[in-house]
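With mmCIF, C-alpha atoms inside, this is query-v6.cif:
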```
data_my_file
loop_
_atom_site.label_atom_id
_atom_site.label_comp_id
_atom_site.auth_asym_id
_atom_site.auth_seq_id
_atom_site.Cartn_x
_atom_site.Cartn_y
_atom_site.Cartn_z
CA MET N 429 -19.94 33.05 -34.67
CA CYS N 430 -17.02 33.97 -36.93
CA LEU N 431 -14.84 31.56 -35.02
CA GLY N 432 -12.10 30.05 -37.15
CA ILE N 433 -10.14 27.11 -35.80
CA PRO N 434 -6.70 26.29 -37.23
CA GLY N 435 -6.26 22.66 -38.16
CA LYS N 436 -3.94 20.47 -40.21
CA ILE N 437 -5.18 18.76 -43.36
CA VAL N 438 -4.48 15.03 -43.05
CA LYS N 439 -6.49 13.70 -45.99
CA ILE N 440 -8.12 15.13 -49.12
CA TYR N 441 -10.94 13.43 -51.04
CA GLU N 442 -14.02 14.15 -53.12
CA LYS N 443 -17.63 13.82 -51.98
CA ASN N 444 -20.79 14.92 -53.83
CA GLY N 445 -18.57 16.76 -56.30
CA LEU N 446 -16.94 18.80 -53.52
CA GLN N 447 -13.33 18.73 -52.41
CA MET N 448 -13.42 17.58 -48.79
CA GLY N 449 -10.74 16.90 -46.20
CA GLU N 450 -10.04 15.37 -42.84
CA ILE N 451 -8.74 18.03 -40.50
CA ASP N 452 -6.73 17.40 -37.36
CA PHE N 453 -7.41 19.91 -34.57
CA GLY N 454 -4.67 18.99 -32.12
CA GLY N 455 -5.78 15.36 -31.89
CA VAL N 456 -9.47 15.60 -32.79
CA THR N 457 -10.27 15.03 -36.46
CA ARG N 458 -13.31 16.32 -38.33
CA GLU N 459 -14.44 16.54 -41.90
CA ALA N 460 -14.42 19.93 -43.61
CA CYS N 461 -15.13 21.24 -47.09
CA LEU N 462 -11.98 22.35 -48.93
CA GLN N 463 -13.74 23.65 -52.04
CA TYR N 464 -12.65 27.25 -51.31
CA VAL N 465 -8.97 26.37 -50.91
CA PRO N 466 -8.36 24.44 -54.16
CA GLU N 467 -4.58 24.79 -53.76
CA ALA N 468 -4.62 22.95 -50.38
CA LYS N 469 -2.25 20.03 -49.87
CA VAL N 470 -2.04 17.37 -47.18
CA GLY N 471 0.02 18.84 -44.32
CA ASP N 472 -1.17 22.43 -44.87
CA TYR N 473 -2.76 24.32 -42.00
CA THR N 474 -6.13 25.87 -42.66
CA LEU N 475 -8.75 27.95 -40.84
CA ILE N 476 -12.05 26.10 -40.48
CA HIS N 477 -15.34 27.93 -40.00
CA VAL N 478 -18.71 26.08 -39.84
CA GLY N 479 -17.23 23.10 -41.63
CA PHE N 480 -15.50 25.06 -44.42
CA ALA N 481 -11.86 25.98 -44.91
CA ILE N 482 -11.88 29.73 -45.51
CA SER N 483 -8.13 30.34 -45.69
CA LEU N 484 -4.80 28.53 -45.76
CA LEU N 485 -2.44 29.67 -43.00
CA SER N 486 0.90 31.01 -44.13
CA GLU N 487 3.78 29.64 -42.10
CA SER N 488 6.18 32.36 -43.28
CA GLU N 489 3.71 35.16 -42.41
CA ALA N 490 3.12 33.64 -38.95
CA ALA N 491 6.88 33.44 -38.36
CA GLU N 492 7.33 37.04 -39.51
CA THR N 493 4.59 38.28 -37.15
CA LEU N 494 6.14 36.44 -34.20
CA ALA N 495 9.62 37.75 -35.04
CA TYR N 496 8.22 41.29 -35.19
CA VAL N 497 6.44 40.88 -31.86
CA ARG N 498 9.59 39.45 -30.24
CA GLU N 499 11.58 42.39 -31.52
CA ILE N 500 9.12 44.80 -29.89
CA ALA N 501 9.25 42.87 -26.60
CA GLU N 502 13.06 42.82 -26.63
CA LEU N 503 13.19 46.50 -27.46
CA GLY N 504 11.28 47.07 -24.22
CA ASP N 505 13.87 45.03 -22.30
CA GLU N 506 16.71 47.05 -23.76
CA LEU N 507 15.04 50.30 -22.79
CA GLY N 508 14.78 48.99 -19.25
CA LYS N 509 10.96 49.15 -19.52
CA MET M 1233 -1.43 23.77 -30.68
CA LYS M 1234 0.22 25.22 -33.74
CA TYR M 1235 -0.97 28.71 -34.69
CA LEU M 1236 -2.67 29.07 -31.29
CA SER M 1237 -0.37 28.65 -28.28
CA GLU M 1238 2.49 30.73 -29.70
CA PHE M 1239 0.06 33.66 -30.06
CA ARG M 1240 -0.86 33.47 -26.36
CA ASP M 1241 2.67 33.95 -24.95
CA ALA M 1242 2.38 36.01 -21.75
CA GLY M 1243 5.90 37.43 -22.02
CA LEU M 1244 5.28 38.74 -25.52
CA VAL M 1245 1.86 40.07 -24.47
CA ASN M 1246 3.58 42.16 -21.79
CA GLY M 1247 6.16 43.32 -24.31
CA ILE M 1248 3.49 44.70 -26.65
CA ILE M 1249 1.57 46.29 -23.77
CA ASP M 1250 4.77 48.09 -22.74
CA GLN M 1251 5.31 49.29 -26.29
CA ILE M 1252 1.72 50.61 -26.46
CA LYS M 1253 2.32 52.46 -23.17
CA ARG M 1254 5.49 54.01 -24.60
CA ILE M 1255 3.89 55.40 -27.76
CA VAL M 1256 0.50 56.59 -26.49
CA THR M 1257 0.31 60.33 -25.70
CA LYS M 1258 -3.43 61.00 -25.66
CA LYS M 1259 -6.85 59.38 -25.31
CA TRP M 1260 -8.04 57.16 -28.17
CA ILE M 1261 -11.24 55.19 -28.67
CA LEU M 1262 -10.94 52.03 -30.74
CA MET M 1263 -13.70 49.68 -31.76
CA GLU M 1264 -13.19 45.98 -32.29
CA ILE M 1265 -15.79 44.98 -34.85
CA CYS M 1266 -16.09 41.30 -34.13
CA GLY M 1267 -17.81 39.76 -31.13
CA GLY M 1268 -15.21 36.99 -31.10
CA GLN M 1269 -12.58 39.66 -30.48
CA THR M 1270 -14.75 41.22 -27.74
CA HIS M 1271 -14.82 37.86 -25.98
CA ALA M 1272 -11.07 37.35 -26.26
CA ILE M 1273 -10.45 40.89 -24.93
CA ILE M 1274 -12.70 40.43 -21.90
CA ARG M 1275 -11.72 36.80 -21.31
CA TYR M 1276 -7.99 37.56 -21.19
CA GLY M 1277 -8.56 40.91 -19.46
CA LEU M 1278 -6.64 42.70 -22.22
CA ASP M 1279 -8.73 45.86 -21.72
CA GLN M 1280 -7.44 46.06 -18.15
CA LEU M 1281 -3.79 45.65 -19.17
CA LEU M 1282 -3.94 48.57 -21.60
CA PRO M 1283 -2.97 52.09 -20.55
CA SER M 1284 -5.95 54.17 -19.39
CA GLU M 1285 -5.68 56.40 -22.46
CA ILE M 1286 -7.03 53.60 -24.65
CA GLU M 1287 -10.70 52.77 -24.52
CA LEU M 1288 -12.07 49.79 -26.39
CA VAL M 1289 -15.71 49.88 -27.45
CA HIS M 1290 -17.44 46.81 -28.76
CA GLY M 1291 -18.83 46.61 -32.26
CA PRO M 1292 -21.83 45.07 -33.96
CA GLY M 1293 -19.98 41.97 -35.20
CA CYS M 1294 -22.28 39.44 -33.60
CA PRO M 1295 -24.70 38.05 -36.18
CA VAL M 1296 -26.88 36.47 -33.52
CA CYS M 1297 -27.21 39.90 -31.86
CA VAL M 1298 -28.08 41.89 -34.99
CA THR M 1299 -30.48 39.46 -36.68
CA SER M 1300 -33.72 41.41 -36.71
CA LEU M 1301 -36.45 40.61 -34.24
CA GLU M 1302 -38.93 40.31 -37.10
CA LEU M 1303 -36.83 37.60 -38.73
CA ILE M 1304 -36.45 35.72 -35.44
CA ASP M 1305 -40.23 35.86 -35.03
CA LYS M 1306 -40.53 34.45 -38.56
CA ALA M 1307 -38.08 31.68 -37.65
CA LEU M 1308 -40.17 30.85 -34.58
CA ALA M 1309 -43.34 30.66 -36.68
CA ILE M 1310 -41.71 28.44 -39.31
CA ALA M 1311 -40.07 26.19 -36.70
CA ALA M 1312 -43.43 25.59 -35.04
CA ARG M 1313 -44.93 24.07 -38.23
CA PRO M 1314 -45.41 20.31 -37.94
CA GLU M 1315 -43.91 19.47 -41.34
CA VAL M 1316 -40.72 21.44 -40.66
CA ILE M 1317 -37.34 20.39 -39.29
CA PHE M 1318 -35.77 23.72 -38.36
CA THR M 1319 -31.97 23.69 -38.33
CA SER M 1320 -29.73 26.40 -36.91
CA TYR M 1321 -26.33 27.24 -35.49
CA GLY M 1322 -26.60 26.63 -31.74
CA ASP M 1323 -26.23 30.26 -30.69
CA MET M 1324 -29.52 31.20 -32.24
CA LEU M 1325 -31.71 28.94 -30.10
CA ARG M 1326 -31.81 31.12 -27.00
CA VAL M 1327 -32.16 34.48 -28.71
CA PRO M 1328 -35.41 36.00 -27.51
CA GLY M 1329 -38.04 36.79 -30.11
CA SER M 1330 -41.05 38.92 -29.19
CA GLY M 1331 -42.64 36.12 -27.21
CA LYS M 1332 -40.39 33.08 -26.99
CA ASP M 1333 -37.18 31.55 -28.33
CA LEU M 1334 -36.38 28.47 -30.46
CA PHE M 1335 -35.79 26.35 -27.34
CA GLN M 1336 -39.35 27.04 -26.24
CA VAL M 1337 -40.64 26.13 -29.70
CA ARG M 1338 -38.76 22.84 -29.34
CA ALA M 1339 -40.17 22.27 -25.85
CA GLU M 1340 -43.64 22.74 -27.31
CA GLY M 1341 -43.04 20.00 -29.88
CA GLY M 1342 -41.26 21.80 -32.71
CA ASP M 1343 -38.46 19.85 -34.41
CA VAL M 1344 -35.55 22.25 -33.91
CA ARG M 1345 -32.04 20.91 -34.42
CA VAL M 1346 -28.58 22.39 -33.95
CA VAL M 1347 -26.15 21.87 -36.82
CA TYR M 1348 -22.43 22.56 -36.97
CA SER M 1349 -22.37 23.24 -40.71
CA PRO M 1350 -25.05 24.07 -43.32
CA LEU M 1351 -23.96 20.92 -45.16
CA ASP M 1352 -25.25 18.97 -42.14
CA ALA M 1353 -28.65 20.62 -42.62
CA LEU M 1354 -28.62 19.58 -46.27
CA LYS M 1355 -27.84 16.01 -45.20
CA ILE M 1356 -30.82 16.05 -42.83
CA ALA M 1357 -32.99 17.14 -45.77
CA GLU M 1358 -31.72 14.23 -47.89
CA GLU M 1359 -32.37 11.79 -45.06
CA ASN M 1360 -35.90 13.13 -44.45
CA PRO M 1361 -37.47 13.49 -47.92
CA ASP M 1362 -41.01 13.67 -46.45
CA ARG M 1363 -40.16 16.66 -44.24
CA GLU M 1364 -39.35 20.30 -44.99
CA VAL M 1365 -35.87 21.19 -43.75
CA VAL M 1366 -35.23 24.88 -43.15
CA PHE M 1367 -31.78 26.25 -42.33
CA PHE M 1368 -31.45 29.60 -40.53
CA ALA M 1369 -28.70 31.15 -42.68
CA ILE M 1370 -27.42 33.90 -40.44
CA GLY M 1371 -23.96 35.39 -40.36
CA PHE M 1372 -21.45 37.87 -41.69
CA GLU M 1373 -19.19 37.47 -44.71
CA THR M 1374 -17.26 34.70 -42.90
CA THR M 1375 -20.26 32.39 -42.90
CA ALA M 1376 -21.65 33.36 -46.30
CA PRO M 1377 -19.45 30.98 -48.36
CA ALA M 1378 -20.69 27.99 -46.34
CA ASN M 1379 -24.32 29.07 -46.45
CA ALA M 1380 -24.10 29.85 -50.18
CA MET M 1381 -22.59 26.45 -50.89
CA SER M 1382 -25.48 24.68 -49.14
CA VAL M 1383 -27.97 26.45 -51.44
CA LEU M 1384 -25.89 25.75 -54.53
CA GLN M 1385 -25.57 22.09 -53.54
CA ALA M 1386 -29.31 21.82 -52.85
CA LYS M 1387 -29.94 23.09 -56.37
CA THR M 1388 -27.33 20.83 -58.02
CA ARG M 1389 -28.40 17.75 -56.04
CA ARG M 1390 -32.11 18.64 -56.40
CA VAL M 1391 -32.83 18.56 -52.70
CA GLU M 1392 -36.22 20.20 -53.05
CA ASN M 1393 -37.31 19.90 -49.42
CA PHE M 1394 -34.45 22.22 -48.35
CA SER M 1395 -34.77 25.97 -47.91
CA VAL M 1396 -32.94 28.76 -46.12
CA LEU M 1397 -34.11 31.70 -44.02
CA VAL M 1398 -31.44 34.25 -44.92
CA SER M 1399 -30.23 36.97 -42.58
CA HIS M 1400 -26.83 37.85 -43.98
CA VAL M 1401 -25.16 41.07 -42.88
CA CYS M 1402 -22.00 42.78 -44.10
CA VAL M 1403 -19.34 44.61 -42.09
CA PRO M 1404 -18.27 47.59 -44.26
CA PRO M 1405 -21.75 49.21 -44.46
CA ALA M 1406 -22.06 48.88 -40.66
CA MET M 1407 -18.69 50.62 -40.16
CA ASP M 1408 -19.86 53.34 -42.50
CA ALA M 1409 -23.12 53.73 -40.55
CA ILE M 1410 -21.28 53.93 -37.20
CA LEU M 1411 -18.83 56.54 -38.50
CA ALA M 1412 -21.56 58.59 -40.20
CA SER M 1413 -23.62 58.82 -37.00
CA GLY M 1414 -23.57 62.18 -35.22
CA ARG M 1415 -23.00 60.34 -31.95
CA ASN M 1416 -19.96 58.40 -33.15
CA ARG M 1417 -17.02 58.11 -30.72
CA VAL M 1418 -14.87 55.64 -32.67
CA GLN M 1419 -11.47 56.92 -33.86
CA GLY M 1420 -9.94 53.68 -35.12
CA PHE M 1421 -11.08 50.16 -35.99
CA LEU M 1422 -9.81 46.66 -35.43
CA ALA M 1423 -11.33 44.97 -38.50
CA ALA M 1424 -12.69 41.44 -38.13
CA GLY M 1425 -9.95 38.99 -39.15
CA HIS M 1426 -12.12 36.14 -40.36
CA VAL M 1427 -14.47 38.38 -42.34
CA CYS M 1428 -11.31 39.60 -44.05
CA ALA M 1429 -10.03 36.04 -44.57
CA VAL M 1430 -13.01 35.66 -46.91
CA MET M 1431 -13.40 39.18 -48.30
CA GLY M 1432 -9.87 40.55 -48.11
CA TYR M 1433 -9.57 44.20 -47.11
CA TRP M 1434 -9.91 45.99 -50.44
CA GLU M 1435 -13.26 47.39 -49.23
CA TYR M 1436 -11.67 49.37 -46.36
CA PRO M 1437 -9.33 52.02 -47.84
CA PRO M 1438 -12.28 54.16 -49.07
CA ILE M 1439 -13.79 54.08 -45.53
CA ALA M 1440 -10.44 54.97 -43.90
CA GLU M 1441 -10.07 57.86 -46.32
CA LYS M 1442 -13.66 59.12 -46.17
CA TYR M 1443 -13.77 59.32 -42.36
CA GLY M 1444 -10.07 59.74 -41.59
CA VAL M 1445 -9.80 56.64 -39.39
CA PRO M 1446 -7.07 54.00 -39.32
CA ILE M 1447 -8.32 50.44 -39.76
CA THR M 1448 -6.26 47.37 -38.84
CA VAL M 1449 -7.16 43.84 -39.85
CA THR M 1450 -6.87 41.94 -36.57
CA GLY M 1451 -6.92 38.30 -35.47
CA PHE M 1452 -8.32 36.65 -32.37
CA GLU M 1453 -5.48 35.51 -30.11
CA PRO M 1454 -4.16 37.87 -27.40
CA LEU M 1455 -1.00 38.71 -29.38
CA ASP M 1456 -3.03 39.32 -32.54
CA ILE M 1457 -5.40 41.69 -30.78
CA LEU M 1458 -2.63 43.62 -29.04
CA GLN M 1459 -0.66 43.88 -32.25
CA GLY M 1460 -3.80 45.24 -33.95
CA ILE M 1461 -4.18 47.79 -31.13
CA LEU M 1462 -0.47 48.76 -31.28
CA ILE M 1463 -0.58 49.38 -35.04
CA THR M 1464 -3.86 51.32 -34.82
CA VAL M 1465 -2.60 53.50 -31.94
CA ARG M 1466 0.68 54.14 -33.73
CA ASN M 1467 -1.24 55.22 -36.84
CA LEU M 1468 -3.52 57.45 -34.74
CA GLU M 1469 -0.52 59.07 -32.99
CA ARG M 1470 1.18 59.71 -36.33
CA GLY M 1471 -2.01 60.85 -38.07
CA ASN M 1472 -1.89 58.01 -40.61
CA LYS M 1473 -5.42 57.20 -41.73
CA VAL M 1474 -4.45 53.94 -43.37
CA VAL M 1475 -5.52 50.31 -43.56
CA ALA M 1476 -3.00 47.83 -42.14
CA ASN M 1477 -2.97 44.05 -41.79
CA ALA M 1478 -2.00 42.55 -38.42
CA TYR M 1479 -3.31 39.08 -39.33
CA SER M 1480 -1.25 38.31 -42.41
CA ARG M 1481 -0.95 34.58 -41.73
CA ALA M 1482 -4.67 34.22 -42.59
CA VAL M 1483 -5.62 37.32 -44.57
CA THR M 1484 -4.55 38.70 -47.94
CA PHE M 1485 -5.61 41.99 -49.53
CA GLU M 1486 -7.82 40.30 -52.11
CA GLY M 1487 -9.20 37.61 -49.77
CA ASN M 1488 -10.56 34.24 -50.82
CA ARG M 1489 -11.54 34.67 -54.47
CA PRO M 1490 -13.27 31.27 -54.98
CA ALA M 1491 -15.43 31.98 -51.90
CA GLN M 1492 -16.27 35.50 -53.10
CA GLU M 1493 -17.34 34.09 -56.47
CA ILE M 1494 -19.79 31.60 -54.94
CA ILE M 1495 -21.19 34.33 -52.67
CA LYS M 1496 -21.79 36.52 -55.75
CA GLN M 1497 -23.39 33.62 -57.59
CA VAL M 1498 -25.94 32.90 -54.84
CA PHE M 1499 -26.52 36.22 -53.05
CA LYS M 1500 -27.21 39.81 -54.03
CA THR M 1501 -26.91 42.99 -51.99
CA CYS M 1502 -30.04 44.17 -50.18
CA ASP M 1503 -31.08 46.60 -47.45
CA ARG M 1504 -31.06 44.95 -44.05
CA ASN M 1505 -32.65 45.75 -40.73
CA TRP M 1506 -30.14 45.31 -37.85
CA ARG M 1507 -31.58 44.52 -34.45
CA GLY M 1508 -31.03 47.43 -32.08
CA ILE M 1509 -29.53 49.62 -34.80
CA GLY M 1510 -32.18 49.89 -37.51
CA MET M 1511 -32.14 49.74 -41.29
CA ILE M 1512 -28.73 50.11 -42.94
CA PRO M 1513 -28.95 50.51 -46.72
CA ARG M 1514 -27.20 47.85 -48.84
CA SER M 1515 -25.86 46.15 -45.71
CA GLY M 1516 -27.02 42.60 -46.29
CA TRP M 1517 -27.19 39.74 -48.73
CA CYS M 1518 -30.31 37.91 -49.84
CA LEU M 1519 -30.87 35.12 -52.35
CA ARG M 1520 -30.69 35.93 -56.05
CA PRO M 1521 -33.96 35.37 -57.95
CA GLU M 1522 -32.62 32.16 -59.54
CA PHE M 1523 -32.57 30.62 -56.05
CA ARG M 1524 -36.06 31.76 -55.01
CA ALA M 1525 -37.19 28.16 -54.83
CA PHE M 1526 -34.92 27.76 -51.79
CA ASP M 1527 -36.11 30.89 -49.99
CA ALA M 1528 -37.93 29.89 -46.78
CA GLU M 1529 -39.58 33.32 -46.57
CA ILE M 1530 -41.32 32.61 -49.89
CA ARG M 1531 -41.99 28.94 -49.19
CA PHE M 1532 -43.55 29.65 -45.79
CA PRO M 1533 -45.29 33.02 -46.00
CA VAL M 1534 -45.55 34.32 -42.48
CA SER M 1535 -47.65 37.40 -42.02
CA GLN M 1536 -49.17 39.40 -39.20
CA ILE M 1537 -46.12 39.27 -37.03
CA LYS M 1538 -46.07 42.02 -34.47
CA SER M 1539 -42.56 42.25 -33.11
CA GLU M 1540 -41.93 43.97 -29.83
CA GLU M 1541 -38.54 44.63 -28.21
CA SER M 1542 -37.88 44.76 -24.46
CA ARG M 1543 -37.97 48.38 -23.25
CA ASP M 1544 -35.24 47.81 -20.65
CA CYS M 1545 -32.61 46.57 -23.11
CA ILE M 1546 -29.86 48.92 -24.41
CA ALA M 1547 -28.30 46.34 -26.76
CA GLY M 1548 -28.65 48.69 -29.74
CA GLU M 1549 -26.48 51.34 -28.14
CA ILE M 1550 -23.95 48.74 -27.00
CA LEU M 1551 -23.68 47.39 -30.56
CA GLN M 1552 -22.87 50.87 -31.84
CA GLY M 1553 -20.17 51.47 -29.23
CA LEU M 1554 -22.20 54.23 -27.54
CA ARG M 1555 -22.57 52.49 -24.17
CA LYS M 1556 -21.10 49.55 -22.25
CA PRO M 1557 -22.91 46.61 -20.60
CA PHE M 1558 -22.27 48.03 -17.10
CA ASP M 1559 -24.22 51.16 -18.13
CA CYS M 1560 -27.40 49.09 -18.31
CA PRO M 1561 -29.57 48.99 -15.18
CA ALA M 1562 -30.89 45.57 -16.21
CA PHE M 1563 -27.40 44.02 -16.61
CA GLY M 1564 -26.88 41.11 -14.23
CA ARG M 1565 -30.11 41.91 -12.44
CA ILE M 1566 -33.19 41.21 -14.53
CA CYS M 1567 -31.06 40.36 -17.59
CA THR M 1568 -28.75 37.33 -17.30
CA PRO M 1569 -27.67 34.57 -19.71
CA ALA M 1570 -30.35 32.35 -18.17
CA ASN M 1571 -33.00 34.97 -18.75
CA PRO M 1572 -31.72 37.36 -21.44
CA LEU M 1573 -33.62 40.50 -22.43
CA GLY M 1574 -31.54 41.07 -25.53
CA ALA M 1575 -29.35 39.10 -27.87
CA THR M 1576 -26.09 40.64 -26.60
CA MET M 1577 -26.64 38.67 -23.37
CA VAL M 1578 -27.22 35.41 -25.27
CA SER M 1579 -24.59 34.89 -27.87
CA SER M 1580 -21.16 33.55 -27.13
CA GLU M 1581 -20.07 36.73 -28.90
CA GLY M 1582 -22.40 39.27 -27.33
CA ALA M 1583 -20.67 41.97 -25.28
CA CYS M 1584 -23.09 41.60 -22.34
CA ALA M 1585 -22.54 37.83 -22.17
CA ALA M 1586 -18.76 38.36 -22.22
CA TYR M 1587 -18.87 40.86 -19.35
CA TYR M 1588 -21.26 38.64 -17.38
CA LYS M 1589 -19.13 35.53 -17.87
CA TYR M 1590 -15.64 36.91 -17.36
CA GLN M 1591 -15.90 40.14 -15.39
CA PRO M 1592 -19.15 39.98 -13.41
CA VAL M 1593 -17.76 41.69 -10.33
CA ARG M 1594 -15.68 44.39 -12.02
CA GLN M 1595 -16.31 47.90 -10.78
CA ARG M 1596 -18.42 50.05 -13.03
#
```

Mind turning this structure into structure tokens?
Amino acid sequence: MCLGIPGKIVKIYEKNGLQMGEIDFGGVTREACLQYVPEAKVGDYTLIHVGFAISLLSESEAAETLAYVREIAELGDELGK
Amino acid sequence: MKYLSEFRDAGLVNGIIDQIKRIVTKKWILMEICGGQTHAIIRYGLDQLLPSEIELVHGPGCPVCVTSLELIDKALAIAARPEVIFTSYGDMLRVPGSGKDLFQVRAEGGDVRVVYSPLDALKIAEENPDREVVFFAIGFETTAPANAMSVLQAKTRRVENFSVLVSHVCVPPAMDAILASGRNRVQGFLAAGHVCAVMGYWEYPPIAEKYGVPITVTGFEPLDILQGILITVRNLERGNKVVANAYSRAVTFEGNRPAQEIIKQVFKTCDRNWRGIGMIPRSGWCLRPEFRAFDAEIRFPVSQIKSEESRDCIAGEILQGLRKPFDCPAFGRICTPANPLGATMVSSEGACAAYYKYQPVRQR
């Protein structure tokens, strides 16, 4: 139910007084409401839940998490597992 | 796909598992709150990769599972009315009420439609001005901004044939109820990442402090979940009863402020009855009085409902982390996804459905 799918914003427009966008989910595009991410720009990645963007994804935070995880995995290699 | 495939890397998964094995020295019981996380854990077999010291129990974070039987019976009664188009997220259609489910109501002639977003339900209302369109507004904090916006839009755009049957539930009061129970086994929590994307995690430090449990905001991909487990186990081993964030690419401490504001504008806190668990004080949201006109419970008074739960179903204990699906004598025998006794066997997030789908032959 609380599924959130990451997608890339390819277009932003207004409809019925709401900020809406076209979101690309790896090749499939759908409309979503961007009213809750007013700072969103075309090209940003966002989490979509039941047709609403609930969060913008932070590229730097994602990179930091992956770097941290890699460090842990490499630490294991160094210790000979 | 960006932000998905890189968080499913098998090599890195093994690296984190090894690290968890290195730091764990005693038995710990962790609960993942969200049913989406339960599914990912069982689907990828993460529970079986973990060292035996770590037990994962599955939480109540499945809105379809915890929506009260009485409210489902109300939904069935409203959906059966000839003037009504009843709209719902798809998961809800097969959840058993006392007698039938929404699919059966549809088979008997009820106009029941699945929508992807509450804005789609509003559109149906605009396209069918001579019909009453009711939307089953279930969900946790993640779904509340969308559901709230549909009500606000209905009011602004004067869509008077639109109403919502609200069954909103909130995570922090449920965590509090689980921890306060004399039968509690949970020592640490993986908090639901998408609930926190909306609400932030400012509500959790008082819970961590009050009960002395570490809480880690956790995402949904295998690496996210294992990182959440690693941080929680490390905090347990060190005795740190703190709140941490293992899903920082999507979640900030304060959460989504514009979404929280709209939620506050449309909903107010209320007591809520959770299916299988019982009444939890101040654990839900219902419509504020200024939106009464859009309340389906007021528009379609349904009385004399006698709700009755299956006696063989242990869903309530599963939702509180007290028992596992394999502990249920009905599991996989008289209770299957095709013929579910309880909601945990129905939903794509229910623990029983996850076990049935991904690990049906695992030893008890």

Using only C-alpha atoms, pick whichever of M:Ala1491, M:Tyr1235, M:Ser1320, M:Ala1409 has the shortest atom-to-atom distance to N:Glu487.
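Ranking M:Ala1491, M:Tyr1235, M:Ser1320, M:Ala1409 by distance to N:Glu487, first place goes to M:Tyr1235.
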
Under the PyMOL selection byres ((chain M) within 8 of (chain N)), which residues of this model are included? Write them out as a JSON list (two decimals) with C-alpha atoms, in the coordinates of the input.
```json
[["chain", "number", "residue", "atom", "x", "y", "z"],
["M", 1233, "MET", "CA", -1.43, 23.77, -30.68],
["M", 1234, "LYS", "CA", 0.22, 25.22, -33.74],
["M", 1235, "TYR", "CA", -0.97, 28.71, -34.69],
["M", 1236, "LEU", "CA", -2.67, 29.07, -31.29],
["M", 1239, "PHE", "CA", 0.06, 33.66, -30.06],
["M", 1243, "GLY", "CA", 5.90, 37.43, -22.02],
["M", 1244, "LEU", "CA", 5.28, 38.74, -25.52],
["M", 1246, "ASN", "CA", 3.58, 42.16, -21.79],
["M", 1247, "GLY", "CA", 6.16, 43.32, -24.31],
["M", 1248, "ILE", "CA", 3.49, 44.70, -26.65],
["M", 1250, "ASP", "CA", 4.77, 48.09, -22.74],
["M", 1251, "GLN", "CA", 5.31, 49.29, -26.29],
["M", 1266, "CYS", "CA", -16.09, 41.30, -34.13],
["M", 1267, "GLY", "CA", -17.81, 39.76, -31.13],
["M", 1268, "GLY", "CA", -15.21, 36.99, -31.10],
["M", 1294, "CYS", "CA", -22.28, 39.44, -33.60],
["M", 1295, "PRO", "CA", -24.70, 38.05, -36.18],
["M", 1296, "VAL", "CA", -26.88, 36.47, -33.52],
["M", 1323, "ASP", "CA", -26.23, 30.26, -30.69],
["M", 1348, "TYR", "CA", -22.43, 22.56, -36.97],
["M", 1349, "SER", "CA", -22.37, 23.24, -40.71],
["M", 1350, "PRO", "CA", -25.05, 24.07, -43.32],
["M", 1351, "LEU", "CA", -23.96, 20.92, -45.16],
["M", 1371, "GLY", "CA", -23.96, 35.39, -40.36],
["M", 1372, "PHE", "CA", -21.45, 37.87, -41.69],
["M", 1374, "THR", "CA", -17.26, 34.70, -42.90],
["M", 1375, "THR", "CA", -20.26, 32.39, -42.90],
["M", 1378, "ALA", "CA", -20.69, 27.99, -46.34],
["M", 1426, "HIS", "CA", -12.12, 36.14, -40.36],
["M", 1427, "VAL", "CA", -14.47, 38.38, -42.34],
["M", 1429, "ALA", "CA", -10.03, 36.04, -44.57],
["M", 1430, "VAL", "CA", -13.01, 35.66, -46.91],
["M", 1459, "GLN", "CA", -0.66, 43.88, -32.25],
["M", 1478, "ALA", "CA", -2.00, 42.55, -38.42],
["M", 1480, "SER", "CA", -1.25, 38.31, -42.41],
["M", 1481, "ARG", "CA", -0.95, 34.58, -41.73],
["M", 1482, "ALA", "CA", -4.67, 34.22, -42.59],
["M", 1483, "VAL", "CA", -5.62, 37.32, -44.57],
["M", 1488, "ASN", "CA", -10.56, 34.24, -50.82],
["M", 1490, "PRO", "CA", -13.27, 31.27, -54.98],
["M", 1491, "ALA", "CA", -15.43, 31.98, -51.90],
["M", 1580, "SER", "CA", -21.16, 33.55, -27.13],
["M", 1581, "GLU", "CA", -20.07, 36.73, -28.90]]
```

Separation of atom CA of M:Met1511 from atom CA of M:Asn1379 in Å:
22.7 Å

If we count all atoms listed in the file, what is near M:Ser1395 at a cut-off of 12 Å, once residues fewer than 3 positions away on the same chain are taken out, given as number ranges by chain?
M: 1310, 1316-1319, 1350, 1353-1354, 1356-1357, 1363-1369, 1379-1380, 1382-1387, 1390-1392, 1398, 1519, 1523-1532

List the residues selected by the PyMOL selection byres ((chain N and resi 437) around 8) in the file shown, writing them as a ChimeraX atom specification.
/N:435-436,438-440,449-452,469-474

Which value, in Å to one decimal, gives the distance between atom CA of N:Glu459 and atom CA of M:Glu1486?
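These atoms are spaced 26.7 Å apart.
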
Between atom CA of M:Leu1551 and atom CA of M:Ala1406 - distance in Å to one decimal:
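Distance reported for this atom pair: 10.3 Å.
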